[in-house]
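Student: Sharing a structure, written as structure tokens. Questions coming.
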2 protein chains.
Amino acid sequence: MQTVGFGQHDHSACMGGGMKAAEDACTAQGLRLTKGRRRVLEILLQEHRAMGAYDILGLLSDEGFASQPPVVYRALDFLVANGFAHKIQKLNAYIACAHPGDSHTPVFLICRSCKTVAETAASLKSTLGEVADKIGFKIETTIVEAEGMCPTCRAAESPA
Amino acid sequence: MQTVGFGQHDHSACMGGGMKAAEDACTAQGLRLTKGRRRVLEILLQEHRAMGAYDILGLLSDEGFASQPPVVYRALDFLVANGFAHKIQKLNAYIACAHPGDSHTPVFLICRSCKTVAETAASLKSTLGEVADKIGFKIETTIVEAEGMCPTCRAAESPA
DNA sequence: GATGACTTGATATAGTATAACATTTCCAAT
DNA sequence: ATTGGAAATGTTATACTATATCAAGTCATC
């Protein structure tokens with residue numbers, strides 16, 4: 001298990017790795033890592049924290065990109081849909097994936113004081129509490145939400 | 001373990017129980033379950049689904065309450081803070097607590113088709129997958145976010 | 001009936017996200 | 001090399017979610 005977000009780490013490696021993972025995945029799947037999408041991912045990797053869409057948009061427009069919300073939301077949608085970034089629901093913010101390439105269920109530890117977000121690779125089968133203990137994070141509240149299909153809708157969708 | 005939200009249940013009991021639990025808790029803790037707060041909880045219990053703040057506000061203003069957002073957000077803040085309702089981050093919506101009185105970490109199963117939300121009493125130590133399997137819910141994505149204090153901020157707060 | 005804590009009223013504004021449609025770019029098939 | 005279609009982007013407008021602020025009212029207690 002890895003935990004990224006608190007403490008020291010090799011940030012240039014984590015940036016390069018994030019970009020490379022995204023490039024490779026796009027090549028492999030025929031996805032287009034266009035200029036804007038690439039730049040948003042770079043920003044998220046560089047800042048290494050959860051950022052609001054409008055924070056990112058501000059940086060983009062400083063750099064000559066268009067300054068309308070769809071510019072950033074489209075890039076974020078692409079990055080999130082393909083696992084290169086995640087949305088932190090609690091913060092309405094976005095963060096680069098810390099485990100690119102792995103298919104995983106992200107688990108986030110969010111500090112309410114400094115807003116740092118750590119992404120752990122804890123599975124739902126391990127105990128979140130143990131993960132937190134190990135790195136000295138004190139959990140105060142948790143959000144667990146699973147989205148999918150309820151029995152009724154599944155039955156309606158595929159009639160026997 | 002109980003799961004409320006999919007399938008049949010005694011809804012009048014679940015409403016009455018929800019109100020009584022809130023009343024008792026308020027009495028016990030010296031909290032004021034005022035007219036507006038009570039009405040919002042009734043609406044949430046009655047509708048028995050996740051509702052947007054502005055949906056609730058619409059009902060309130062139809063009934064003669066003031067129609068400004070703070071009216072409903074204040075009531076929701078109170079209900080959520082005291083465990084009588086929960087916020088579903090994924091939907092930006094609110095739902096009455098299905099296990100009033102218990103102190104618990106709520107776990108929500110959200111149907112992407114019909115938007116029904118089930119609150120289970122699954123603990124983080126049990127496997128979410130098992131809970132879902134048992135009731136025939138097919139999980140597609142999960143959100144796990146824990147908020148608290150990171151090691152750095154804890155150290156800064158209480159210097160040795 | 002004065003005090004102070006809590007609650008509500010009311011106005012304004014901040015923050016987050018998407019709809020809709022026109023235009024351009026890219027790639028593949030001819 | 002052209003062209004046709006899919007994907008991406010530009011652009012305008014708007015919808016949705018939530019909070020700040022300050023004034024006024026309510027309630028329990030002293």
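Residues in the structure tokens are named by chain (A, B, ... in the order shown) and by number from 1 within that chain; ligands are numbered from 1 in the order shown.
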Please build the interface table for chain B against chain A with a cut-off of 10 Å, listing for each qualifying residue the nearest atom pair and the distance in Å to one decimal; count only C-alpha atoms, order rows by chain and increasing number, and write it as CSV.

Tutor:
residue,atom,partner,partner_atom,distance
B:Gly5,CA,A:Cys150,CA,9.7
B:Phe6,CA,A:Cys150,CA,7.3
B:Gly7,CA,A:Thr152,CA,8.1
B:Lys87,CA,A:Ile143,CA,9.5
B:Ile88,CA,A:Glu145,CA,7.7
B:Gln89,CA,A:Gln89,CA,5.9
B:Lys90,CA,A:Gln89,CA,6.6
B:Leu91,CA,A:Gln89,CA,9.5
B:Asn92,CA,A:Gln89,CA,9.2
B:Thr105,CA,A:Thr142,CA,6.8
B:Pro106,CA,A:Val144,CA,7.0
B:Val107,CA,A:Val144,CA,5.0
B:Phe108,CA,A:Glu145,CA,4.7
B:Leu109,CA,A:Ala146,CA,4.9
B:Ile110,CA,A:Glu147,CA,4.6
B:Cys111,CA,A:Met149,CA,4.7
B:Arg112,CA,A:Gly148,CA,5.6
B:Ser113,CA,A:Met149,CA,6.6
B:Cys114,CA,A:Cys153,CA,7.1
B:Lys115,CA,A:Cys150,CA,9.1
B:Thr116,CA,A:Cys150,CA,8.0
B:Val117,CA,A:Cys150,CA,9.1
B:Ala118,CA,A:Cys150,CA,9.2
B:Glu119,CA,A:Glu145,CA,9.3
B:Ser123,CA,A:Thr127,CA,9.5
B:Leu124,CA,A:Thr127,CA,6.3
B:Lys125,CA,A:Thr127,CA,5.4
B:Ser126,CA,A:Lys125,CA,7.2
B:Thr127,CA,A:Lys125,CA,5.4
B:Leu128,CA,A:Leu124,CA,6.8
B:Gly129,CA,A:Leu124,CA,8.3
B:Glu130,CA,A:Lys125,CA,9.9
B:Ala132,CA,A:Cys150,CA,9.1
B:Asp133,CA,A:Pro151,CA,9.9
B:Ile135,CA,A:Pro151,CA,7.3
B:Gly136,CA,A:Pro151,CA,5.2
B:Phe137,CA,A:Cys150,CA,4.6
B:Lys138,CA,A:Met149,CA,5.2
B:Ile139,CA,A:Gly148,CA,4.4
B:Glu140,CA,A:Gly148,CA,4.7
B:Thr141,CA,A:Glu147,CA,5.3
B:Thr142,CA,A:Ala146,CA,4.2
B:Ile143,CA,A:Glu145,CA,5.0
B:Val144,CA,A:Val144,CA,4.7
B:Glu145,CA,A:Phe108,CA,4.7
B:Ala146,CA,A:Thr142,CA,4.2
B:Glu147,CA,A:Ile110,CA,4.7
B:Gly148,CA,A:Ile139,CA,4.4
B:Met149,CA,A:Cys111,CA,4.7
B:Cys150,CA,A:Phe137,CA,4.6
B:Pro151,CA,A:Gly136,CA,5.2
B:Thr152,CA,A:Phe6,CA,8.0
B:Cys153,CA,A:Ser113,CA,6.6
B:Arg154,CA,A:Lys138,CA,8.3
B:Glu157,CA,A:Ser113,CA,9.8

Student: Within 12 Å of chain C, which residues of chain B come that close, and what is the closest atom pair and distance in Å for each? Count only C-alpha atoms (C1' of nucleotides) and give it as JSON lines.

Tutor:
{"residue": "B:Gly30", "atom": "CA", "partner": "C:DC6", "partner_atom": "C1'", "distance": 11.9}
{"residue": "B:Leu31", "atom": "CA", "partner": "C:DC6", "partner_atom": "C1'", "distance": 10.3}
{"residue": "B:Arg32", "atom": "CA", "partner": "C:DC6", "partner_atom": "C1'", "distance": 9.4}
{"residue": "B:Leu33", "atom": "CA", "partner": "C:DT7", "partner_atom": "C1'", "distance": 11.0}
{"residue": "B:Thr34", "atom": "CA", "partner": "C:DT7", "partner_atom": "C1'", "distance": 8.8}
{"residue": "B:Lys35", "atom": "CA", "partner": "C:DT7", "partner_atom": "C1'", "distance": 10.9}
{"residue": "B:Gly36", "atom": "CA", "partner": "C:DT8", "partner_atom": "C1'", "distance": 9.7}
{"residue": "B:Arg37", "atom": "CA", "partner": "C:DT7", "partner_atom": "C1'", "distance": 10.9}
{"residue": "B:Phe65", "atom": "CA", "partner": "C:DG9", "partner_atom": "C1'", "distance": 10.6}
{"residue": "B:Ala66", "atom": "CA", "partner": "C:DG9", "partner_atom": "C1'", "distance": 8.0}
{"residue": "B:Ser67", "atom": "CA", "partner": "C:DA10", "partner_atom": "C1'", "distance": 10.0}
{"residue": "B:Gln68", "atom": "CA", "partner": "C:DA10", "partner_atom": "C1'", "distance": 8.0}
{"residue": "B:Pro69", "atom": "CA", "partner": "C:DA10", "partner_atom": "C1'", "distance": 10.6}
{"residue": "B:Pro70", "atom": "CA", "partner": "C:DT8", "partner_atom": "C1'", "distance": 9.5}
{"residue": "B:Val71", "atom": "CA", "partner": "C:DT8", "partner_atom": "C1'", "distance": 8.1}
{"residue": "B:Val72", "atom": "CA", "partner": "C:DT8", "partner_atom": "C1'", "distance": 11.4}
{"residue": "B:Arg74", "atom": "CA", "partner": "C:DT8", "partner_atom": "C1'", "distance": 9.7}
{"residue": "B:Ala75", "atom": "CA", "partner": "C:DT7", "partner_atom": "C1'", "distance": 10.6}
{"residue": "B:Phe78", "atom": "CA", "partner": "C:DT7", "partner_atom": "C1'", "distance": 11.5}
{"residue": "B:Asn92", "atom": "CA", "partner": "C:DT16", "partner_atom": "C1'", "distance": 11.1}

Student: From a DSSP calculation on the backbone, collect every residue of chain A in strand (DSSP E) and output the set as a ChimeraX atom specification.

Tutor: /A:3-4,85-88,93-96,107-111,117-120,138-149

Student: With a cut-off of 12 Å, could you pull out the residues of chain D touching chain B and give me the nearest pair of atoms for each, distance in Å to one decimal, using only C-alpha atoms (C1' of nucleotides), ordered by chain and ascending number, as JSON lines?

Tutor:
{"residue": "D:DC16", "atom": "C1'", "partner": "B:Tyr54", "partner_atom": "CA", "distance": 8.9}
{"residue": "D:DT17", "atom": "C1'", "partner": "B:Asn92", "partner_atom": "CA", "distance": 7.8}
{"residue": "D:DA18", "atom": "C1'", "partner": "B:Tyr73", "partner_atom": "CA", "distance": 8.0}
{"residue": "D:DT19", "atom": "C1'", "partner": "B:Pro70", "partner_atom": "CA", "distance": 8.3}
{"residue": "D:DA20", "atom": "C1'", "partner": "B:Pro70", "partner_atom": "CA", "distance": 10.7}
{"residue": "D:DT21", "atom": "C1'", "partner": "B:Pro70", "partner_atom": "CA", "distance": 11.9}
{"residue": "D:DT26", "atom": "C1'", "partner": "B:Thr34", "partner_atom": "CA", "distance": 11.2}
{"residue": "D:DC27", "atom": "C1'", "partner": "B:Arg32", "partner_atom": "CA", "distance": 10.6}
{"residue": "D:DA28", "atom": "C1'", "partner": "B:Gly30", "partner_atom": "CA", "distance": 11.6}
